[in-house]
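Just below is one structure, and these are the notes that go with it.
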Amino acid sequence: MQQLLYYLVAATVISLLWLLATGHHPEGESQRTGAKYLALVVLTSSLAYFVWRANLQLAVIFGIAYGLACALLWALLRDWNTRGHTFLVAFGLAQLLFLFQIADAIIFGGYDLPVIAVSLFLFVAELVVVILTLYFAFEVLDVMCRLRWQRYSPPHTGPNDYWPKVSIHVPAHAEPPEMVIQTLTALRKLDYPSYEVIMVDDNTDDDELWRPIIDFCHRSGIKVFHLQNYPGFKSGALNFALTQTAPDAEIIAVVDSDYVVQPKFLRETAPYFRNPRVAFVQTPQAFINDDANLFAQFSALAQRFFFEISMRSRNERNAIIFCGTMGLIRKRALQRIGGWDEWCITEDAEASLRLLRKGYQGIYINQAYGYGLLPTTFEDTKKQRYRWAFGGMQILRRYWRQLAPWPASSRLLRAVRGVGAFREPPLQMPQRLSYLMGLLGWINDLLFLIFTGFLLITALAFIGGWDLPIRRLTEWILLVPLLSITTGILRVAWALRLTTGCSWRQGLGAFSAMLAMSLTVARACAAAIWKPTGAFLRTPKFAVSSNLTRALGAASWEATLGIVCLAAIPLVLNQRSNREGVLLALLLAWHGLVYLSALRSALIEILPARYANLRPAVAVQRPAEQG
């Protein structure tokens with residue numbers, strides 16, 4: 001089994017190189033070309049294994065089996081090119097065999113009961129991480145290796161005679177008046193025949209902040225309301241706006257108070273509601289201040305990864321989320337689900353899940369129609385990410401039974417209890433998996449923190465020569481995680497480079513910005529596990545100058561963890577510099593770099609931007625063939 005694992009490691013590396021070199025072909029691919037690339041990947045993978053392990057017979061056997069598995073996946077996923085098939089087969093089988101060998105070592109390793117118990121706990125955590133790793137790899141391949149889109153939704157630019165009235169809701173709380181007025185001014189200039197704007201100032205105490213906005217709205221004929229001591233944060237304000245919406249309005253558009261919207265926003269999105277099954281339409285978020293500093297550029301790119309990869313992939317399965325701004329939602333559908341839930345601090349994503357559970361559809365248009373303000377400091381970005389992660393965990397706690405991949409049993413249980421088991425159409429399996437994986441993705445950082453603790457304990461035992469009540473450390477146990485780390489970094493940077501036009505350096509910087517939030521997300525997940533409610537941490541819109549002392553303070557815990565991990569490396573290598581010692585040192589280095597990426601992000605926020613503004617980069621890639 002270990003020889004097969006070594007072959008799959010070699011095949012993963014080779015198929016990744018082919019993927020990065022030739023894996024993106026949106027213009028299409030003939031079967032002959034696909035077969036040629038499949039054969040080349042299999043042959044070079046077998047050759048690499050033979051050079052590495054010097055076993056020709058196994059190289060031939062494993063190569064034939066690998067080729068057949070790739071051909072099978074090719075038959076199942078006809079919308080992908082073969083570079084996606086070859087990588088997913090090699091990488092996926094390597095991960096599954098990794099888990100199988102761990103389970104085998106735990107069950108048949110002759111360990112005592114305490115060792116088995118601790119090892120099984122680690123195994124469950126590793127199982128979740130592997131599932132998430134495979135799903136995130138699938139999402140990248142689903143977009144970058146796709147030849148045909150089945151649910152591609154371009155901006156609606158053709159002839160149209162359907163113009164439903166739209167009510168645009170703009171919530172604000174203690175925002176700069178000039179910024180809000182700029183947003184409202186842009187909304188008055190939309191190229192659309194029938195719409196209204198409702199401005200809701202939510203619990204702003206300072207007269208100098210809310211009164212200029214009220215005066216501007218009165219002069220401009222915009223509906224405006226100043227709420228005091230009103231509950232529910234943003235969702236409460238949006239629910240209030242819903243009660244004030246014009247009776248003949250069919251569509252609600254939500255626009256944050258910092259977004260300057262382009263005139264064509266409604267004209268190119270609202271016509272999709274002609275289909276009565278469409279409940280919401282979402283467009284990407286984009287930022288006008290992504291060149292404020294180097295951290296802001298990397299942070300903006302990291303957010304674009306979600307819209308360029310995750311949203312486009314999930315749209316194929318009717319499983320996108322409503323993102324809270326620059327989106328439209330059918331008023332009747334929103335009223336049918338009871339409006340915005342005020343118990344969840346990410347009410348937008350929660351509402352979209354309830355809509356999909358009612359059998360509606362969501363549409364994603366990969367075209368930015370407005371630019372808002374991005375948090376430009378590491379400290380403020382951490383607050384934003386904490387809220388997202390906490391809200392994601394709230395949704396997971398509430399809906400995990402409906403998202404679990406065993407719906408039949410839950411429907412049967414509801415039928416036995418007499419709770420209207422079949423009133424709502426169940427989510428399809430691809431929808432459930434997309435939402436479940438997206439929500440579990442937040443837990444990945446909490447598991448990473450747990451692994452850091454176990455890794456440091458293992459390193460301490462390694463240095464002292466002690467036996468821990470966990471399974472033994474072996475080369476193959478350390479090899480596969482390092483492979484996952486390397487391929488993950490390169491996949492993200494590659495996908496960003498091709499979808500946004502950024503450089504490899506910028507793509508790697510964006511990946512570092514993602515890693516910088518690891519401890520923050522872990523803290524949010526841990527907090528959400530113990531308490532069901534959380535505070536709505538608003539993203540400040542006032543200009544904040546970078547400050548080195550504050551930036552370093554925001555990254556102090558991450559920096560401490562990173563330094564501890566790196567400090568253990570020379571001690572490990574001094575004790576034992578064999579392959580297992582080197583691999584353990586590499587894992588310590590990786591964990592240290594993850595946490596030190598927060599320190600890096602805090603430091604680069606004080607540096608001016610070095611690159612051109614990223615906003616003109618590619619926004620939409622129209623495939624040559626759509627289903």
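Residues in the structure tokens are numbered from 1 in each chain, the chains being A, B, ... in the order shown, and ligands are numbered from 1 in the order shown.
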task: Find the spatial neighbours of stretch 276-288 of chain A, counting only C-alpha atoms, within a cut-off of 8 Å - ignore same-chain residues fewer than 2 positions away - and output them as a ChimeraX atom specification.
output: /A:269,272-274,290-291,300,304,307,321-323,325-330,333,352,355,359-374,615
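Residue-level DSSP output for stretch 330-546 of chain A, from the backbone, shows strand (DSSP E) at A:Arg330, A:Gln361, A:Gly362, A:Ile363, A:Tyr364, A:Gly370, A:Tyr371.
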field: Who sits within 12 Å of A:Ala39, only C-alpha atoms, same chain under 6 positions skipped, as a list of chain:residue names
entry: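 Here the answer would be A:Ser15, A:Trp18, A:Arg32, A:Thr33, A:Ser45, A:Ser46, A:Gly63, A:Ile64, A:Tyr66, A:Gly67, A:Leu68, A:Cys70, A:Ala71, A:Thr82, A:Arg83, A:His85, A:Thr86.
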Residues of the last selection are to be written out with C-alpha atoms, as a PDB file, in the first residue's frame.
```pdb
ATOM      1  CA  SER A  15      -0.348  16.071 -12.924  1.00  0.00           C
ATOM      2  CA  TRP A  18       0.662  19.569 -16.402  1.00  0.00           C
ATOM      3  CA  ARG A  32      -8.298  13.506 -29.298  1.00  0.00           C
ATOM      4  CA  THR A  33      -6.413  16.305 -27.548  1.00  0.00           C
ATOM      5  CA  SER A  45       3.820   9.947 -13.754  1.00  0.00           C
ATOM      6  CA  SER A  46       4.869   6.309 -14.191  1.00  0.00           C
ATOM      7  CA  GLY A  63       0.119   3.461 -14.476  1.00  0.00           C
ATOM      8  CA  ILE A  64      -2.550   1.285 -16.099  1.00  0.00           C
ATOM      9  CA  TYR A  66      -4.253   5.336 -12.895  1.00  0.00           C
ATOM     10  CA  GLY A  67      -5.123   5.719 -16.565  1.00  0.00           C
ATOM     11  CA  LEU A  68      -8.331   3.707 -16.180  1.00  0.00           C
ATOM     12  CA  CYS A  70      -8.779   8.984 -15.101  1.00  0.00           C
ATOM     13  CA  ALA A  71     -10.783   7.665 -18.056  1.00  0.00           C
ATOM     14  CA  THR A  82      -8.440  15.882 -18.877  1.00  0.00           C
ATOM     15  CA  ARG A  83      -5.844  17.842 -16.891  1.00  0.00           C
ATOM     16  CA  HIS A  85      -9.348  14.651 -14.301  1.00  0.00           C
ATOM     17  CA  THR A  86      -5.743  13.482 -13.960  1.00  0.00           C
TER      18      THR A  86
END
```
Contact residues around A:Ser597 with only C-alpha atoms at 9 Å, ignoring same-chain residues under 4 positions, as an MDAnalysis selection string: chainID A and resid 512:517 558:559 562 592:593 601:602
message: Please determine, counting only C-alpha atoms, which residue among A:Glu347, A:Asp467, A:Glu139, A:Glu605 has the shortest atom-to-atom distance to A:Pro375.
response: A:Glu605
message: Between atom CA of A:Ser434 and atom CA of A:Ser313, what is the distance in Å, rounded to a tenth?
response: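 Value for the atom CA of A:Ser434-atom CA of A:Ser313 distance: 9.2 Å.
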